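Novice: To be precise about what I am sending: the file is called upload_6.cif and holds mmCIF, C-alpha atoms.
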data_data
#
loop_
_atom_site.label_atom_id
_atom_site.label_comp_id
_atom_site.auth_asym_id
_atom_site.auth_seq_id
_atom_site.Cartn_x
_atom_site.Cartn_y
_atom_site.Cartn_z
CA MET A 1 -176.40 -231.26 62.75
CA GLN A 2 -176.48 -227.80 61.19
CA PRO A 3 -176.50 -224.75 63.51
CA ALA A 4 -180.12 -223.89 62.66
CA GLN A 5 -181.21 -227.47 63.35
CA PHE A 6 -179.33 -227.53 66.64
CA GLU A 7 -180.88 -224.24 67.72
CA ALA A 8 -184.40 -225.39 66.84
CA ALA A 9 -183.91 -228.65 68.78
CA ALA A 10 -182.40 -226.80 71.75
CA LEU A 11 -185.24 -224.27 71.93
CA ALA A 12 -187.85 -227.04 71.77
CA LEU A 13 -186.07 -228.94 74.54
CA PHE A 14 -185.75 -225.73 76.57
CA ARG A 15 -189.50 -225.14 76.48
CA PHE A 16 -190.17 -228.77 77.42
CA GLN A 17 -187.80 -228.68 80.39
CA ALA A 18 -188.99 -225.22 81.44
CA GLU A 19 -192.42 -226.80 81.95
CA HIS A 20 -191.61 -230.31 83.15
CA ASN A 21 -188.38 -229.96 85.18
CA PRO A 22 -189.43 -228.69 88.64
CA VAL A 23 -185.97 -227.43 89.62
CA TYR A 24 -185.34 -225.69 86.30
CA ARG A 25 -188.89 -224.30 86.23
CA ALA A 26 -188.45 -222.79 89.70
CA TYR A 27 -185.09 -221.32 88.69
CA LEU A 28 -186.63 -219.69 85.60
CA GLN A 29 -189.50 -218.32 87.64
CA HIS A 30 -187.01 -216.81 90.10
CA LEU A 31 -185.41 -215.03 87.14
CA ASN A 32 -188.82 -213.89 85.82
CA CYS A 33 -188.05 -215.73 82.60
CA VAL A 34 -190.96 -216.28 80.20
CA PRO A 35 -189.97 -219.38 78.18
CA ASP A 36 -192.04 -218.44 75.12
CA ALA A 37 -190.16 -215.15 74.90
CA VAL A 38 -186.80 -216.93 74.54
CA GLN A 39 -186.01 -216.97 70.82
CA ASN A 40 -182.29 -217.80 70.61
CA LEU A 41 -179.63 -219.78 72.44
CA THR A 42 -177.99 -216.81 74.12
CA ASN A 43 -181.27 -215.87 75.84
CA ILE A 44 -181.68 -219.26 77.51
CA PRO A 45 -180.94 -219.13 81.25
CA PHE A 46 -178.40 -221.81 82.15
CA LEU A 47 -178.87 -223.76 85.36
CA PRO A 48 -175.84 -223.49 87.70
CA ILE A 49 -174.30 -226.93 87.87
CA GLU A 50 -174.26 -226.82 91.69
CA PHE A 51 -177.97 -227.70 91.67
CA PHE A 52 -176.97 -231.30 90.91
CA LYS A 53 -175.40 -231.42 94.38
CA THR A 54 -178.50 -230.25 96.23
CA HIS A 55 -181.54 -231.19 94.12
CA ARG A 56 -183.02 -234.01 92.09
CA VAL A 57 -182.68 -232.50 88.61
CA VAL A 58 -185.10 -234.47 86.42
CA SER A 59 -187.64 -233.63 83.72
CA HIS A 60 -190.04 -236.46 84.55
CA ASP A 61 -190.47 -239.16 87.17
CA PHE A 62 -188.52 -242.35 86.54
CA VAL A 63 -186.63 -245.05 88.38
CA PRO A 64 -182.97 -244.42 87.53
CA GLN A 65 -180.92 -247.27 86.12
CA ALA A 66 -177.83 -245.50 87.46
CA ILE A 67 -176.90 -242.47 89.49
CA PHE A 68 -173.64 -240.98 88.27
CA LYS A 69 -171.68 -239.16 90.97
CA SER A 70 -168.90 -236.65 90.58
CA SER A 71 -165.48 -237.21 92.05
CA GLY A 72 -164.66 -235.63 95.39
CA THR A 73 -163.39 -236.24 98.87
CA THR A 74 -165.44 -237.69 101.71
CA LEU A 75 -165.98 -234.14 102.99
CA GLN A 76 -167.39 -232.89 99.69
CA GLN A 77 -170.94 -233.15 98.49
CA ARG A 78 -170.90 -235.00 95.18
CA SER A 79 -173.09 -234.10 92.24
CA GLN A 80 -175.67 -236.74 91.31
CA HIS A 81 -177.02 -237.26 87.82
CA LEU A 82 -179.99 -239.64 87.63
CA VAL A 83 -179.90 -241.64 84.39
CA SER A 84 -183.02 -243.35 83.10
CA ASP A 85 -181.34 -245.43 80.38
CA THR A 86 -177.70 -246.45 80.75
CA ASN A 87 -177.79 -248.29 77.42
CA PHE A 88 -178.64 -245.01 75.69
CA TYR A 89 -175.79 -243.26 77.48
CA CYS A 90 -173.27 -245.92 76.48
CA ARG A 91 -174.40 -246.25 72.87
CA HIS A 92 -174.47 -242.47 72.52
CA ALA A 93 -170.96 -242.18 73.95
CA GLN A 94 -169.70 -244.84 71.54
CA HIS A 95 -171.32 -243.06 68.60
CA LEU A 96 -169.65 -239.74 69.49
CA PHE A 97 -166.27 -241.42 70.01
CA GLU A 98 -166.41 -243.34 66.75
CA GLN A 99 -167.34 -240.21 64.81
CA VAL A 100 -163.89 -238.88 65.72
CA TYR A 101 -161.74 -242.00 65.98
CA GLY A 102 -163.45 -244.68 63.91
CA PRO A 103 -164.86 -248.08 64.91
CA LEU A 104 -163.87 -249.57 68.26
CA ALA A 105 -164.21 -253.14 67.01
CA GLY A 106 -160.81 -254.75 66.68
CA CYS A 107 -159.05 -252.13 68.81
CA THR A 108 -157.78 -252.35 72.38
CA VAL A 109 -158.96 -249.95 75.09
CA LEU A 110 -156.98 -249.66 78.30
CA ALA A 111 -157.80 -247.52 81.32
CA LEU A 112 -155.68 -246.16 84.16
CA LEU A 113 -158.42 -244.59 86.28
CA PRO A 114 -157.68 -245.57 89.90
CA SER A 115 -159.50 -242.72 91.65
CA TYR A 116 -162.66 -243.18 89.59
CA LEU A 117 -162.68 -246.91 90.19
CA GLU A 118 -162.15 -246.49 93.91
CA GLN A 119 -164.96 -243.98 94.39
CA GLY A 120 -167.49 -245.74 92.17
CA ASP A 121 -170.63 -244.47 90.38
CA SER A 122 -168.50 -242.91 87.64
CA SER A 123 -169.92 -242.10 84.22
CA LEU A 124 -166.38 -242.26 82.80
CA VAL A 125 -165.83 -245.79 84.11
CA MET A 126 -169.14 -246.96 82.66
CA MET A 127 -168.29 -245.39 79.30
CA VAL A 128 -164.80 -246.88 79.12
CA ASP A 129 -166.06 -250.29 80.23
CA TYR A 130 -168.59 -250.22 77.40
CA PHE A 131 -165.83 -249.26 74.96
CA ILE A 132 -163.71 -252.19 76.17
CA ASN A 133 -166.58 -254.60 75.51
CA ALA A 134 -167.19 -253.03 72.09
CA THR A 135 -163.63 -253.77 70.99
CA GLY A 136 -164.02 -257.51 71.37
CA GLN A 137 -160.70 -257.70 73.23
CA GLN A 138 -160.25 -260.70 75.50
CA GLU A 139 -157.85 -259.11 77.98
CA PRO A 140 -158.89 -256.90 80.93
CA GLY A 141 -158.82 -253.17 80.27
CA PHE A 142 -158.80 -251.58 83.72
CA PHE A 143 -155.68 -251.17 85.84
CA LEU A 144 -155.13 -249.63 89.26
CA GLN A 145 -151.49 -249.28 90.33
CA ASN A 146 -150.34 -252.36 88.39
CA HIS A 147 -148.35 -250.49 85.76
CA GLN A 148 -146.34 -253.51 84.67
CA GLU A 149 -149.52 -255.41 83.78
CA LEU A 150 -150.67 -252.43 81.74
CA ARG A 151 -147.33 -252.29 79.94
CA ASP A 152 -147.60 -256.02 79.22
CA ALA A 153 -151.10 -255.43 77.79
CA VAL A 154 -149.74 -252.68 75.53
CA LYS A 155 -146.98 -254.97 74.28
CA LYS A 156 -149.42 -257.78 73.56
CA ALA A 157 -151.85 -255.53 71.71
CA LYS A 158 -148.99 -254.09 69.66
CA ASN A 159 -147.83 -257.59 68.72
CA GLN A 160 -151.39 -258.30 67.55
CA GLY A 161 -151.36 -255.18 65.40
CA ARG A 162 -154.29 -253.63 67.24
CA LYS A 163 -154.91 -249.91 67.55
CA ILE A 164 -154.59 -248.97 71.23
CA TYR A 165 -156.46 -246.30 73.18
CA LEU A 166 -155.34 -245.49 76.72
CA PHE A 167 -157.60 -243.43 79.01
CA GLY A 168 -155.83 -242.12 82.09
CA VAL A 169 -156.40 -239.75 84.98
CA THR A 170 -153.71 -237.07 84.93
CA TYR A 171 -151.69 -237.96 88.01
CA ALA A 172 -151.69 -241.67 87.11
CA LEU A 173 -150.46 -240.93 83.58
CA LEU A 174 -147.62 -238.86 85.01
CA ASP A 175 -146.68 -241.73 87.33
CA LEU A 176 -146.77 -244.20 84.44
CA ALA A 177 -144.79 -241.91 82.13
CA GLU A 178 -141.86 -242.03 84.54
CA GLU A 179 -141.62 -245.80 84.16
CA VAL A 180 -142.00 -246.47 80.43
CA GLU A 181 -139.04 -247.09 78.16
CA PRO A 182 -138.35 -244.87 75.12
CA GLY A 183 -140.65 -245.87 72.27
CA GLU A 184 -142.63 -248.31 74.42
CA PHE A 185 -145.92 -246.42 73.98
CA TYR A 186 -145.24 -245.06 70.51
CA GLY A 187 -148.34 -245.36 68.33
CA LEU A 188 -150.84 -245.25 71.21
CA THR A 189 -153.65 -242.72 71.38
CA ILE A 190 -153.53 -241.43 74.95
CA PHE A 191 -156.45 -239.60 76.54
CA GLU A 192 -155.80 -237.40 79.56
CA THR A 193 -159.09 -237.15 81.45
CA GLY A 194 -158.05 -234.57 84.07
CA GLY A 195 -157.50 -234.92 87.78
CA MET A 196 -154.53 -234.29 90.03
CA LYS A 197 -156.46 -234.93 93.28
CA GLY A 198 -153.73 -233.14 95.23
CA ARG A 199 -151.24 -235.88 94.40
CA ARG A 200 -148.97 -233.70 92.26
CA ARG A 201 -148.46 -230.02 91.71
CA GLU A 202 -150.94 -228.40 89.37
CA MET A 203 -149.62 -227.35 85.97
CA ILE A 204 -150.88 -225.65 82.85
CA ARG A 205 -151.99 -227.81 79.94
CA GLU A 206 -149.04 -226.93 77.73
CA GLU A 207 -146.54 -228.04 80.36
CA LEU A 208 -148.50 -231.18 81.21
CA HIS A 209 -148.93 -232.29 77.61
CA GLN A 210 -145.32 -231.50 76.78
CA LEU A 211 -144.19 -233.78 79.60
CA LEU A 212 -146.54 -236.57 78.55
CA THR A 213 -145.76 -236.40 74.82
CA GLN A 214 -142.04 -236.47 75.56
CA ASP A 215 -142.15 -239.34 78.02
CA PHE A 216 -144.65 -241.47 76.09
CA GLY A 217 -143.10 -240.71 72.71
CA VAL A 218 -146.37 -239.70 71.06
CA PRO A 219 -147.01 -236.61 68.90
CA HIS A 220 -150.12 -235.45 70.77
CA ILE A 221 -152.01 -236.03 73.99
CA HIS A 222 -155.74 -236.30 73.40
CA SER A 223 -158.41 -235.13 75.85
CA GLU A 224 -162.05 -235.86 76.60
CA TYR A 225 -164.39 -233.12 77.80
CA GLY A 226 -167.20 -234.61 79.80
CA MET A 227 -168.64 -234.45 83.27
CA THR A 228 -171.04 -236.20 85.59
CA GLU A 229 -173.85 -233.84 84.68
CA LEU A 230 -173.52 -234.40 80.91
CA LEU A 231 -174.38 -237.40 78.74
CA SER A 232 -172.39 -236.11 75.74
CA GLN A 233 -168.65 -235.74 75.31
CA ALA A 234 -166.29 -233.69 73.17
CA TYR A 235 -162.77 -234.67 72.15
CA SER A 236 -159.50 -232.91 71.53
CA THR A 237 -157.05 -234.61 69.18
CA GLY A 238 -154.27 -232.30 70.30
CA GLN A 239 -153.35 -228.80 71.44
CA GLY A 240 -156.31 -228.72 73.82
CA ILE A 241 -158.79 -227.74 71.09
CA PHE A 242 -162.13 -229.53 71.58
CA GLN A 243 -164.51 -230.09 68.70
CA PRO A 244 -168.19 -229.96 69.69
CA SER A 245 -170.07 -233.20 69.09
CA GLN A 246 -173.44 -233.44 67.35
CA THR A 247 -175.40 -233.01 70.57
CA LEU A 248 -173.15 -230.62 72.47
CA ARG A 249 -172.47 -226.90 72.11
CA VAL A 250 -170.41 -224.55 74.24
CA LEU A 251 -171.25 -220.90 74.82
CA VAL A 252 -169.34 -218.47 77.01
CA ARG A 253 -170.68 -216.02 79.57
CA ASP A 254 -169.21 -212.82 80.91
CA VAL A 255 -167.34 -213.55 84.14
CA ASN A 256 -168.98 -210.56 85.83
CA ASP A 257 -172.46 -210.91 84.32
CA PRO A 258 -173.55 -214.55 83.91
CA PHE A 259 -176.57 -213.53 81.84
CA THR A 260 -174.45 -211.97 79.09
CA VAL A 261 -173.77 -214.97 76.88
CA SER A 262 -172.04 -215.34 73.51
CA ALA A 263 -172.50 -218.19 71.06
CA LEU A 264 -169.95 -216.80 68.61
CA GLY A 265 -166.19 -216.76 68.89
CA PRO A 266 -163.70 -215.48 69.49
CA ALA A 267 -164.86 -215.03 73.06
CA SER A 268 -163.63 -216.05 76.50
CA GLY A 269 -165.40 -216.43 79.81
CA GLY A 270 -167.36 -218.91 81.87
CA VAL A 271 -168.41 -222.05 80.00
CA ASN A 272 -172.09 -222.78 79.43
CA VAL A 273 -172.98 -226.12 77.87
CA ILE A 274 -176.01 -227.25 75.89
CA ASP A 275 -176.30 -231.06 75.84
CA LEU A 276 -179.26 -232.29 73.81
CA ALA A 277 -178.73 -235.79 75.25
CA ASN A 278 -179.77 -234.50 78.69
CA VAL A 279 -183.46 -234.92 77.90
CA ASP A 280 -184.27 -236.47 81.27
CA SER A 281 -182.35 -233.95 83.39
CA CYS A 282 -181.37 -230.44 82.27
CA ALA A 283 -179.73 -229.68 78.94
CA PHE A 284 -178.63 -226.12 79.79
CA LEU A 285 -175.81 -225.97 82.32
CA GLU A 286 -173.67 -223.17 83.69
CA THR A 287 -170.38 -224.89 84.56
CA LYS A 288 -167.48 -223.79 86.74
CA ASP A 289 -165.06 -223.92 83.80
CA LEU A 290 -163.34 -220.98 82.16
CA GLY A 291 -163.01 -221.35 78.43
CA LYS A 292 -162.38 -219.82 75.04
CA LEU A 293 -164.78 -220.21 72.12
CA HIS A 294 -163.41 -220.14 68.58
CA PRO A 295 -165.30 -218.92 65.48
CA ASP A 296 -165.78 -222.47 64.17
CA GLY A 297 -167.45 -223.59 67.41
CA SER A 298 -164.41 -225.41 68.76
CA PHE A 299 -163.35 -224.49 72.27
CA GLU A 300 -160.61 -224.62 74.88
CA ILE A 301 -160.83 -225.10 78.63
CA LEU A 302 -158.59 -222.51 80.28
CA GLY A 303 -159.14 -223.32 83.93
CA ARG A 304 -161.76 -223.30 86.66
CA PHE A 305 -163.48 -220.75 88.83
CA ASP A 306 -162.62 -222.87 91.87
CA ASN A 307 -161.72 -226.44 92.82
CA SER A 308 -165.02 -227.82 91.53
CA ASP A 309 -165.00 -231.59 91.12
CA ILE A 310 -165.38 -232.24 87.41
CA ARG A 311 -163.63 -234.45 84.94
CA GLY A 312 -162.52 -233.89 81.42
CA CYS A 313 -160.59 -230.65 81.86
CA ASN A 314 -157.42 -230.39 79.85
CA LEU A 315 -156.02 -227.75 82.20
CA LEU A 316 -155.95 -227.91 85.99
CA MET A 317 -154.87 -224.60 87.40
CA GLY A 318 -153.73 -224.15 90.97
#
Step by step, read the file and then write its structure as structure tokens.
Specialist:
Amino acid sequence: MQPAQFEAAALALFRFQAEHNPVYRAYLQHLNCVPDAVQNLTNIPFLPIEFFKTHRVVSHDFVPQAIFKSSGTTLQQRSQHLVSDTNFYCRHAQHLFEQVYGPLAGCTVLALLPSYLEQGDSSLVMMVDYFINATGQQEPGFFLQNHQELRDAVKKAKNQGRKIYLFGVTYALLDLAEEVEPGEFYGLTIFETGGMKGRRREMIREELHQLLTQDFGVPHIHSEYGMTELLSQAYSTGQGIFQPSQTLRVLVRDVNDPFTVSALGPASGGVNVIDLANVDSCAFLETKDLGKLHPDGSFEILGRFDNSDIRGCNLLMG
């Protein structure tokens, strides 16, 4: 989608949600925002993502097929994203993935996502499960702490000549990396999905990816940028540089003035996201991420404002 097409679609969706989303409408009214006066992306007010923890953020009444919940401890209030059509979410996620990596059919997808599986209601788990089914593989794809079974699955898929994708939460990948033999995971595409959960010391992306590339024997560690409150994803094929997908754009806001927003790089600041797939909720979100926007629209995630419970970060700063 060309920039002008994306902007036109985003402005049309903004005006729709400004009228039909009660939470977003009230937020805009509080800011004295007149939707018809908004003529470009940088003038759109972005809804703070915390509203998903305290309000039902929807643009029309529907019975949700799923309620995605963010990760967090039992003492934390988890964000909730009501989803009207899980089939749309899954097919859309597959489309965005295959635009970067090619068809899933005939591949093998493996997942080391213990914390997401244990907490439940995870958008990431639903997405990966759909990917596993799309491959046509016969073997299970999800693993908890059973690293040897995962290693056996990798060996079998390699013997079959299948392309292998491994999605893993950060701390679990680090645990696994300490066990693998040299060359055992060579040729795999490994996705680090974020998340230390207090189980290991926090580290910058460069250090983390250096450790993982060395131990797994792969040239790059890939990353997925996504979160509970989004239905679109972006992918990094290395170096922590994310390419925006067809339906997702990142803007950056001044850290001291959240209403000063830039859609052009180079610029750094708080990350605002436009997700055109969020038709039923809110497409314009002010996240708790810190990021850097490049002139070509690609972006990096540099850290977080606090310990907000998101997934998909490629840097987890202490």
Novice: Check which residues satisfy the PyMOL selection byres ((chain A and resi 299) around 8) in the file shown, then give them as a CSV table (one decimal) with C-alpha atoms, keeping the file's coordinate frame.
Specialist:
chain,number,residue,atom,x,y,z
A,241,ILE,CA,-158.8,-227.7,71.1
A,242,PHE,CA,-162.1,-229.5,71.6
A,243,GLN,CA,-164.5,-230.1,68.7
A,244,PRO,CA,-168.2,-230.0,69.7
A,250,VAL,CA,-170.4,-224.6,74.2
A,291,GLY,CA,-163.0,-221.4,78.4
A,292,LYS,CA,-162.4,-219.8,75.0
A,293,LEU,CA,-164.8,-220.2,72.1
A,294,HIS,CA,-163.4,-220.1,68.6
A,297,GLY,CA,-167.4,-223.6,67.4
A,298,SER,CA,-164.4,-225.4,68.8
A,300,GLU,CA,-160.6,-224.6,74.9
A,301,ILE,CA,-160.8,-225.1,78.6
Novice: How far is it from CA of Ser84 (chain A) to CA of Gln65 (chain A), in Å with one decimal?
Specialist: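 Value for the CA of Ser84 (chain A)-CA of Gln65 (chain A) distance: 5.4 Å.
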Novice: Between CA of Leu104 (chain A) and CA of Val279 (chain A), what is the distance, to one decimal in Å?
Specialist: 26.3 Å
Novice: Applying the PyMOL selection byres ((chain A and resi 85) around 8) to the file I just gave you, which residues come out? Please list them as an mmCIF file with C-alpha atoms, in the frame of the given file.
Specialist:
data_model
loop_
_atom_site.group_PDB
_atom_site.id
_atom_site.type_symbol
_atom_site.label_atom_id
_atom_site.label_comp_id
_atom_site.auth_asym_id
_atom_site.auth_seq_id
_atom_site.Cartn_x
_atom_site.Cartn_y
_atom_site.Cartn_z
ATOM 1 C CA PRO A 64 -182.970 -244.420 87.530
ATOM 2 C CA GLN A 65 -180.920 -247.270 86.120
ATOM 3 C CA ALA A 66 -177.830 -245.500 87.460
ATOM 4 C CA VAL A 83 -179.900 -241.640 84.390
ATOM 5 C CA SER A 84 -183.020 -243.350 83.100
ATOM 6 C CA THR A 86 -177.700 -246.450 80.750
ATOM 7 C CA ASN A 87 -177.790 -248.290 77.420
ATOM 8 C CA PHE A 88 -178.640 -245.010 75.690
ATOM 9 C CA TYR A 89 -175.790 -243.260 77.480
#
Novice: Using the chain letters and residue numbers of this document, give as a PyMOL selection string the residues selected by the PyMOL selection byres ((chain A and resi 262) around 8).
Specialist: chain A and resi 42+251-253+260-261+263-265+267
Novice: Excluding Cys90 (chain A) and its own-chain neighbours fewer than 6 positions away, which residues fall within 8 Å of it when counting all atoms listed in the file? Please give them as a PDB file with C-alpha atoms, in the coordinates of the input.
Specialist:
ATOM      1  CA  MET A 126    -169.140-246.960  82.660  1.00  0.00           C
ATOM      2  CA  MET A 127    -168.290-245.390  79.300  1.00  0.00           C
ATOM      3  CA  TYR A 130    -168.590-250.220  77.400  1.00  0.00           C
TER       4      TYR A 130
END
Novice: Rank nothing, just name the residue among A:Cys107, A:Leu124, A:Val38, A:Leu112 nearest to Thr228 (chain A), using all atoms listed in the file.
Specialist: A:Leu124
Novice: Find the distance between CA of Thr193 (chain A) and CA of His209 (chain A) and write it in Å to one decimal.
Specialist: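 Going from CA of Thr193 (chain A) over to CA of His209 (chain A), I get 11.9 Å.
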Novice: Counting all atoms listed in the file, which residue out of A:Asn40, A:Gln137, A:Thr170, A:Ser59 sits closest to Ser223 (chain A)?
Specialist: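 Checking each candidate against Ser223 (chain A), we get A:Thr170 as the closest.
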Novice: Need to verify the contact set: Phe142 (chain A), 8 Å, only C-alpha atoms, exclusion of same-chain residues closer than 5 positions in sequence. Can you return it as a compact mmCIF listing (two decimals) with C-alpha atoms, in the coordinates of the input?
Specialist:
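Resulting contents of part17.txt:
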# COMPACT_ATOMS: atom_id res chain seq x y z
CA LEU A 110 -156.98 -249.66 78.30
CA ALA A 111 -157.80 -247.52 81.32
CA LEU A 112 -155.68 -246.16 84.16
CA LEU A 113 -158.42 -244.59 86.28
Novice: May I have the residues within 12 Å of Pro103 (chain A) as a VMD selection string, using all atoms listed in the file and disregarding those fewer than 3 positions away in the same chain?
Specialist: chain A and resid 94 to 100 106 to 109 131 134 to 136 163 165
Novice: Given the choices A:Val34, A:Val273, A:Leu302, A:Ile44, which gets closest to Phe14 (chain A) if the distance is worked out from all atoms listed in the file?
Specialist: A:Ile44
Novice: Tell me, as a list in words, which residues lie within 12 Å of Gln2 (chain A), counting all atoms listed in the file; anything in the same chain fewer than 3 positions away does not count.
Specialist: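 Counting all atoms listed in the file, the residues come to Gln5, Phe6, Glu7, Ala8, Ala9, Ser245, Gln246, Thr247, Arg249 and Gly297 of chain A.
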Novice: Any chance you could export the current selection's C-alpha atoms as a JSON list (two decimals), keeping the file's coordinate frame?
Specialist:
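Final output, selection_7.json:
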[["chain", "number", "residue", "atom", "x", "y", "z"],
["A", 5, "GLN", "CA", -181.21, -227.47, 63.35],
["A", 6, "PHE", "CA", -179.33, -227.53, 66.64],
["A", 7, "GLU", "CA", -180.88, -224.24, 67.72],
["A", 8, "ALA", "CA", -184.40, -225.39, 66.84],
["A", 9, "ALA", "CA", -183.91, -228.65, 68.78],
["A", 245, "SER", "CA", -170.07, -233.20, 69.09],
["A", 246, "GLN", "CA", -173.44, -233.44, 67.35],
["A", 247, "THR", "CA", -175.40, -233.01, 70.57],
["A", 249, "ARG", "CA", -172.47, -226.90, 72.11],
["A", 297, "GLY", "CA", -167.45, -223.59, 67.41]]
Novice: Looking at A:Ala177, A:Asp36, A:His55, A:Leu117, which one is nearest to Gln148 (chain A), with distances taken over all atoms listed in the file?
Specialist: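 With all atoms listed in the file as the atom set, the closest residue is A:Ala177.
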Novice: Counting all atoms listed in the file, figure out which residue out of A:Gln119, A:Pro3, A:Gly195, A:Tyr235 gets nearest to Asp296 (chain A).
Specialist: A:Pro3
Novice: Which residues are close to Asp215 (chain A), i.e. within 10 Å by only C-alpha atoms, leaving aside same-chain residues fewer than 3 positions away? Reply as a PyMOL selection string.
Specialist: chain A and resi 174+176-186+209-212+218
Novice: Hey, can you pull every residue with an atom no more than 10 Å from (-191.3, -236.6, 79.9), using all atoms listed in the file, and send it as a list in words?
Specialist: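 The requested residues, written out, are Phe16, Gln17, His20, Asn21, Val58, Ser59, His60, Asp61, Phe62, Val279, Asp280 and Ser281 of chain A.
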Novice: Those residues with C-alpha atoms, as an mmCIF file, in the coordinates of the input please?
Specialist:
data_model
loop_
_atom_site.group_PDB
_atom_site.id
_atom_site.type_symbol
_atom_site.label_atom_id
_atom_site.label_comp_id
_atom_site.auth_asym_id
_atom_site.auth_seq_id
_atom_site.Cartn_x
_atom_site.Cartn_y
_atom_site.Cartn_z
ATOM 1 C CA PHE A 16 -190.170 -228.770 77.420
ATOM 2 C CA GLN A 17 -187.800 -228.680 80.390
ATOM 3 C CA HIS A 20 -191.610 -230.310 83.150
ATOM 4 C CA ASN A 21 -188.380 -229.960 85.180
ATOM 5 C CA VAL A 58 -185.100 -234.470 86.420
ATOM 6 C CA SER A 59 -187.640 -233.630 83.720
ATOM 7 C CA HIS A 60 -190.040 -236.460 84.550
ATOM 8 C CA ASP A 61 -190.470 -239.160 87.170
ATOM 9 C CA PHE A 62 -188.520 -242.350 86.540
ATOM 10 C CA VAL A 279 -183.460 -234.920 77.900
ATOM 11 C CA ASP A 280 -184.270 -236.470 81.270
ATOM 12 C CA SER A 281 -182.350 -233.950 83.390
#
Novice: Could you give me, as JSON, numbers by chain, the residues that sit within 6 Å of (-171.2, -243.6, 91.9) in the file's coordinates, counting only C-alpha atoms?
Specialist: {"A": [68, 69, 120, 121, 122]}
